[in-house]
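K.L.:
mmCIF, C-alpha atoms, file final_0.cif:
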data_upload
#
loop_
_atom_site.label_atom_id
_atom_site.label_comp_id
_atom_site.auth_asym_id
_atom_site.auth_seq_id
_atom_site.Cartn_x
_atom_site.Cartn_y
_atom_site.Cartn_z
CA MET Q 25 -3.68 2.37 22.23
CA ALA Q 26 -5.22 5.61 21.00
CA ILE Q 27 -8.59 6.32 19.38
CA ILE Q 28 -8.78 9.56 17.41
CA GLN Q 29 -11.93 11.06 15.91
CA TRP Q 30 -11.07 13.68 13.34
CA ASN Q 31 -12.36 15.79 10.45
CA ALA Q 32 -10.69 17.03 7.28
CA LEU Q 33 -11.52 18.45 3.86
CA SER Q 34 -11.79 16.26 0.76
CA THR Q 35 -11.46 17.44 -2.82
CA SER Q 36 -13.13 14.20 -4.01
CA LEU Q 37 -16.22 14.82 -1.88
CA PHE Q 38 -16.27 18.63 -2.29
CA ASP Q 39 -16.87 18.73 1.46
CA SER Q 40 -15.46 17.88 4.85
CA PHE Q 41 -15.62 14.33 6.18
CA GLU Q 42 -15.32 12.63 9.54
CA ALA Q 43 -13.13 9.65 10.34
CA LEU Q 44 -11.93 7.42 13.13
CA THR Q 45 -8.40 6.08 13.60
CA MET Q 46 -7.21 3.43 16.05
CA LEU Q 47 -3.48 3.39 16.77
CA PRO Q 48 -1.44 0.90 18.81
CA ASP Q 49 0.51 1.85 21.92
CA ALA Q 50 3.44 4.23 21.54
CA GLU Q 51 6.08 1.52 21.80
CA ARG Q 52 4.61 -0.23 18.77
CA MET Q 53 4.60 3.04 16.84
CA THR Q 54 8.27 3.90 17.36
CA ALA Q 55 9.44 0.98 15.22
CA GLY Q 56 8.61 2.86 12.00
CA ARG Q 57 5.59 3.13 9.78
CA MET Q 58 2.81 0.62 10.45
CA PRO Q 59 0.66 -1.55 8.24
CA VAL Q 60 -2.80 0.00 7.91
CA LEU Q 61 -6.31 -1.35 7.48
CA TYR Q 62 -8.91 0.94 5.89
CA LEU Q 63 -12.27 -0.22 7.23
CA LEU Q 64 -15.57 0.84 5.62
CA HIS Q 65 -18.87 1.05 7.48
CA ASP Q 66 -22.31 -0.29 6.54
CA ASN Q 67 -25.23 1.78 5.26
CA GLY Q 68 -27.02 3.51 8.10
CA GLU Q 69 -23.82 3.52 10.15
CA ASN Q 70 -20.65 5.58 10.30
CA ALA Q 71 -17.07 5.00 11.43
CA LEU Q 72 -18.21 4.79 15.05
CA GLN Q 73 -19.68 1.40 14.17
CA PHE Q 74 -16.25 -0.09 14.75
CA LEU Q 75 -15.91 1.27 18.28
CA ARG Q 76 -18.46 -1.32 19.41
CA SER Q 77 -15.88 -4.06 19.00
CA ARG Q 78 -13.30 -4.30 21.77
CA GLU Q 79 -11.70 -7.04 19.70
CA LEU Q 80 -10.76 -4.53 17.00
CA GLU Q 81 -9.05 -2.35 19.59
CA ALA Q 82 -7.13 -5.36 20.88
CA LEU Q 83 -6.23 -6.37 17.32
CA CYS Q 84 -4.74 -2.95 16.71
CA GLY Q 85 -2.33 -3.37 19.61
CA GLU Q 86 -1.56 -7.05 19.15
CA LYS Q 87 -0.74 -6.77 15.45
CA GLY Q 88 0.77 -3.28 15.58
CA ILE Q 89 -1.47 -1.98 12.82
CA ALA Q 90 -3.42 1.23 12.39
CA ILE Q 91 -7.13 0.96 11.61
CA CYS Q 92 -8.51 3.98 9.73
CA CYS Q 93 -12.25 4.25 9.18
CA PRO Q 94 -13.64 6.98 6.88
CA TRP Q 95 -17.21 8.18 6.50
CA ILE Q 96 -18.57 7.09 3.08
CA SER Q 97 -22.26 7.92 3.58
CA HIS Q 98 -24.64 5.65 1.59
CA SER Q 99 -22.30 5.50 -1.38
CA PHE Q 100 -21.39 1.80 -1.70
CA GLY Q 101 -17.90 3.19 -2.38
CA ILE Q 102 -19.05 4.42 -5.79
CA ASP Q 103 -18.06 7.62 -7.59
CA TYR Q 104 -21.35 9.45 -8.02
CA ARG Q 105 -22.04 10.79 -11.49
CA TRP Q 106 -23.15 14.03 -9.87
CA GLY Q 107 -21.64 14.69 -6.48
CA GLY Q 108 -18.96 13.12 -4.35
CA LYS Q 109 -16.41 10.73 -5.83
CA PHE Q 110 -16.61 8.30 -2.93
CA GLY Q 111 -14.67 5.54 -4.68
CA HIS Q 112 -11.66 7.74 -5.36
CA PHE Q 113 -11.94 9.17 -1.87
CA ALA Q 114 -11.93 5.79 -0.09
CA ALA Q 115 -9.29 4.11 -2.27
CA VAL Q 116 -6.86 6.96 -3.00
CA GLU Q 117 -7.46 10.29 -1.28
CA PHE Q 118 -8.26 9.06 2.23
CA PRO Q 119 -5.22 6.71 2.38
CA GLY Q 120 -3.06 9.59 1.22
CA ILE Q 121 -4.41 11.86 3.96
CA CYS Q 122 -3.86 9.13 6.57
CA GLU Q 123 -0.27 8.58 5.44
CA ASN Q 124 0.37 12.30 5.97
CA LEU Q 125 -1.31 12.43 9.38
CA PHE Q 126 -0.22 9.12 10.89
CA ALA Q 127 2.81 6.83 10.70
CA VAL Q 128 1.15 4.38 8.31
CA ASP Q 129 2.71 2.57 5.38
CA ASN Q 130 0.41 2.45 2.35
CA SER Q 131 2.68 -0.08 0.68
CA ARG Q 132 1.29 -2.46 3.33
CA ALA Q 133 -2.30 -1.22 3.15
CA MET Q 134 -5.33 -3.46 3.51
CA ILE Q 135 -9.00 -2.66 3.02
CA GLY Q 136 -12.14 -4.16 4.50
CA GLY Q 137 -15.71 -3.50 5.42
CA VAL Q 138 -19.01 -4.66 6.82
CA GLY Q 139 -22.33 -4.85 4.96
CA THR Q 140 -22.30 -2.40 2.05
CA GLY Q 141 -18.81 -1.45 3.21
CA ALA Q 142 -17.70 -5.01 2.44
CA TYR Q 143 -19.13 -4.63 -1.05
CA ALA Q 144 -17.28 -1.31 -1.42
CA ALA Q 145 -13.99 -2.86 -0.28
CA CYS Q 146 -14.27 -5.61 -2.91
CA VAL Q 147 -15.17 -3.21 -5.72
CA LEU Q 148 -12.41 -0.75 -4.83
CA ALA Q 149 -9.79 -3.49 -4.56
CA ARG Q 150 -10.75 -4.77 -8.02
CA GLU Q 151 -10.66 -1.26 -9.47
CA ASN Q 152 -7.25 -0.56 -7.90
CA PRO Q 153 -5.16 -3.73 -8.34
CA GLY Q 154 -1.98 -3.77 -6.28
CA ARG Q 155 -3.11 -0.99 -3.93
CA PHE Q 156 -4.32 -3.32 -1.13
CA ARG Q 157 -2.58 -6.54 -0.15
CA LYS Q 158 -5.60 -7.96 1.71
CA VAL Q 159 -9.36 -7.42 1.39
CA PHE Q 160 -11.51 -8.32 4.40
CA ALA Q 161 -15.19 -8.53 3.45
CA PHE Q 162 -17.46 -9.38 6.38
CA ASP Q 163 -21.24 -9.99 6.39
CA GLY Q 164 -21.37 -8.22 3.06
CA ARG Q 165 -24.29 -7.09 0.95
CA TYR Q 166 -22.76 -8.14 -2.33
CA ASP Q 167 -25.67 -8.06 -4.78
CA PRO Q 168 -26.91 -4.47 -5.25
CA ALA Q 169 -28.62 -5.44 -8.52
CA ALA Q 170 -30.96 -7.82 -6.68
CA ALA Q 171 -31.62 -5.26 -3.93
CA TYR Q 172 -32.36 -2.60 -6.55
CA GLN Q 173 -34.89 -4.85 -8.29
CA ARG Q 174 -36.63 -5.59 -5.00
CA LEU Q 175 -36.96 -1.87 -4.30
CA LEU Q 176 -38.34 -1.26 -7.80
CA ALA Q 177 -40.92 -3.98 -7.11
CA GLY Q 178 -42.10 -2.06 -4.06
CA GLU Q 179 -40.43 -4.21 -1.42
CA GLN Q 180 -38.75 -2.86 1.69
CA VAL Q 181 -35.00 -3.52 1.83
CA GLU Q 182 -33.31 -2.85 5.15
CA GLY Q 183 -31.10 0.22 5.09
CA LEU Q 184 -31.62 0.93 1.38
CA THR Q 185 -33.86 3.26 -0.63
CA LEU Q 186 -34.36 3.91 -4.33
CA PRO Q 187 -32.72 7.37 -4.16
CA MET Q 188 -29.62 5.78 -2.62
CA MET Q 189 -29.42 3.19 -5.39
CA GLU Q 190 -30.05 5.73 -8.14
CA ALA Q 191 -27.34 8.06 -6.83
CA ALA Q 192 -24.76 5.27 -6.63
CA PHE Q 193 -25.58 3.12 -9.65
CA GLY Q 194 -27.89 5.03 -11.98
CA SER Q 195 -30.32 2.47 -13.40
CA ALA Q 196 -30.70 -1.09 -12.12
CA ASP Q 197 -29.86 -2.42 -15.59
CA SER Q 198 -26.43 -0.82 -15.47
CA ILE Q 199 -25.12 -3.14 -12.74
CA PRO Q 200 -25.18 -6.73 -14.15
CA GLY Q 201 -22.01 -7.56 -16.03
CA SER Q 202 -20.33 -4.26 -15.10
CA GLY Q 203 -17.42 -3.64 -12.75
CA LYS Q 204 -20.01 -3.03 -10.02
CA ASP Q 205 -21.24 -6.63 -10.35
CA LEU Q 206 -19.13 -8.76 -7.99
CA PHE Q 207 -20.64 -11.93 -9.44
CA SER Q 208 -19.11 -11.05 -12.78
CA GLY Q 209 -15.34 -11.12 -13.19
CA ILE Q 210 -12.50 -12.20 -10.97
CA ALA Q 211 -12.06 -11.93 -7.22
CA PRO Q 212 -9.94 -9.09 -5.86
CA GLU Q 213 -6.41 -10.07 -4.94
CA GLY Q 214 -6.07 -11.11 -1.29
CA ILE Q 215 -9.81 -11.55 -0.68
CA VAL Q 216 -10.92 -12.92 2.69
CA LEU Q 217 -14.66 -13.51 3.06
CA GLY Q 218 -16.17 -13.93 6.52
CA GLY Q 219 -19.34 -13.61 8.51
CA ALA Q 220 -22.61 -15.29 9.22
CA ASP Q 221 -23.94 -18.17 7.18
CA SER Q 222 -25.72 -16.05 4.58
CA GLY Q 223 -26.67 -17.25 1.14
CA GLU Q 224 -25.24 -14.15 -0.51
CA THR Q 225 -21.82 -14.63 1.07
CA HIS Q 226 -21.66 -18.31 0.13
CA ARG Q 227 -22.89 -17.61 -3.40
CA LEU Q 228 -20.07 -15.12 -3.87
CA ALA Q 229 -17.56 -17.51 -2.31
CA ASP Q 230 -18.66 -20.21 -4.77
CA THR Q 231 -18.38 -17.75 -7.67
CA TRP Q 232 -14.84 -16.82 -6.71
CA GLY Q 233 -13.76 -20.24 -5.48
CA VAL Q 234 -12.73 -19.03 -2.02
CA PRO Q 235 -13.67 -20.20 1.48
CA VAL Q 236 -15.88 -18.40 4.00
CA HIS Q 237 -14.05 -17.86 7.29
CA ASP Q 238 -15.76 -18.32 10.64
CA GLY Q 239 -15.50 -15.99 13.62
CA THR Q 240 -15.89 -12.31 14.30
CA LEU Q 241 -14.52 -9.59 12.05
CA ALA Q 242 -11.50 -9.05 14.32
CA ARG Q 243 -10.73 -12.77 14.54
CA VAL Q 244 -10.92 -13.19 10.77
CA ILE Q 245 -8.57 -10.24 10.29
CA ALA Q 246 -6.17 -11.51 12.97
CA ALA Q 247 -5.98 -14.94 11.38
CA GLU Q 248 -5.18 -13.59 7.91
CA CYS Q 249 -3.35 -10.33 8.67
#
Show me the file's structure as structure tokens.
P.N.:
Amino acid sequence: MAIIQWNALSTSLFDSFEALTMLPDAERMTAGRMPVLYLLHDNGENALQFLRSRELEALCGEKGIAICCPWISHSFGIDYRWGGKFGHFAAVEFPGICENLFAVDNSRAMIGGVGTGAYAACVLARENPGRFRKVFAFDGRYDPAAAYQRLLAGEQVEGLTLPMMEAAFGSADSIPGSGKDLFSGIAPEGIVLGGADSGETHRLADTWGVPVHDGTLARVIAAEC
């Protein structure tokens, strides 16, 4: 398999960005365009987060899929009111760039993430119905409204600050009941929830009426891919 770290320009972000792509061995790539998984990192991380998992590298080869991981900063996959349009970038522009650079088939695209990246994957899949056939949300931080309120109360919240929340969401009151509230509205099509036994994950699973899958991120993807 091949691991490629690369940079390109984005009109959505008004800037350059960095990304990581994992590709299967050459013999798996000669059969035509591959399914692709767009994988979003957690706050405080970047695309290199996914290089820590040898299982993801193995999954790439075993399933014959490309895994493309963009840098989305601290954005939660949200289009900022002032600044980068990270939602449009992650859901539309970045997949388009990847389809031009690599032999990937966006008609068989999937999206996923870890932590705030899992939240972003769910929001983007709901905002773009039909664009992703599977959504892999792992160890997600699914309730930004609650985190925002804790920060306003003076609490420390790991990996989050008030400026981050303000840039992504505006006011805390704007989240509940909106499209950014995963506990309001329907589940994204093809949702697969996984990860540790956290109350937030199970609360979302109960809201959507879906199971929580056991195992590592790569094993959950492999079982449902």
K.L.:
As an NGL selection string, please: the residues near Ala142 in chain Q (cut-off 10 Å, only C-alpha atoms, same-chain neighbours under 3 positions excluded).
P.N.:
:Q and (63-66 or 100-101 or 135-139 or 145-148 or 159-166 or 217-218)
K.L.:
Given the PyMOL selection byres ((chain Q and resi 113) around 9) and the file above, list the residues it selects as a list in words.
P.N.:
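Answer for the PyMOL selection byres ((chain Q and resi 113) around 9): Ser34, Thr35, Ser36, Leu37, Ile96, Gly101, Asp103, Gly108, Lys109, Phe110, Gly111, His112, Ala114, Ala115, Val116, Glu117, Phe118 and Pro119 of chain Q.
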K.L.:
In Å, with one decimal, what is the gap from CA of Ile215 in chain Q to CA of Ala229 in chain Q?
P.N.:
9.9 Å
K.L.:
I need the residue set behind the PyMOL selection byres ((chain Q and resi 173) around 12) for this file; please write it as a list in words.
P.N.:
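After applying the PyMOL selection byres ((chain Q and resi 173) around 12), what remains is Asp167, Pro168, Ala169, Ala170, Ala171, Tyr172, Arg174, Leu175, Leu176, Ala177, Gly178, Glu179, Gln180, Val181, Leu184, Thr185, Leu186, Met189, Glu190, Ser195, Ala196, Asp197, Ser198, Ile199 and Pro200 of chain Q.
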K.L.:
Quote the spacing between CA of Gly56 in chain Q and CA of Ala127 in chain Q in Å to one decimal place.
P.N.:
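These atoms are spaced 7.1 Å apart.
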K.L.:
Of the residues Q:Ser77, Q:Gln29, Q:Asn67, Q:Ser131, which is the one nearest to Leu241 in chain Q, using all atoms listed in the file?
P.N.:
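The answer is Q:Ser77, which sits nearest to Leu241 in chain Q.
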K.L.:
Could you give me, as a list in words, the residues within 10 Å of Glu81 in chain Q, counting all atoms listed in the file and dropping anything in the same chain fewer than 3 positions from it?
P.N.:
Met25, Ala26, Ile27, Met46, Leu47, Pro48, Phe74, Leu75, Arg76, Ser77, Arg78, Cys84, Gly85, Glu86, Ala90, Ile91 and Ala242 of chain Q
K.L.:
Using all atoms listed in the file, pick whichever of Q:Lys158, Q:Lys87, Q:His237, Q:Arg150 has the shortest atom-to-atom distance to Tyr62 in chain Q.
P.N.:
Q:Lys158
K.L.:
Rounded to one decimal place, report the CA of Arg132 in chain Q-CA of Pro59 in chain Q distance in Å.
P.N.:
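Separating CA of Arg132 in chain Q from CA of Pro59 in chain Q is a distance of 5.0 Å.
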K.L.:
Is it possible to get the axis-aligned box enclosing range 144-158 of chain Q (all listed atoms, 5 Å extra per side) as lines of an AutoDock Vina configuration file, with centre and edge lengths in Å rounded to one decimal?
P.N.:
center_x = -9.6
center_y = -4.3
center_z = -3.9
size_x = 25.3
size_y = 17.4
size_z = 21.2
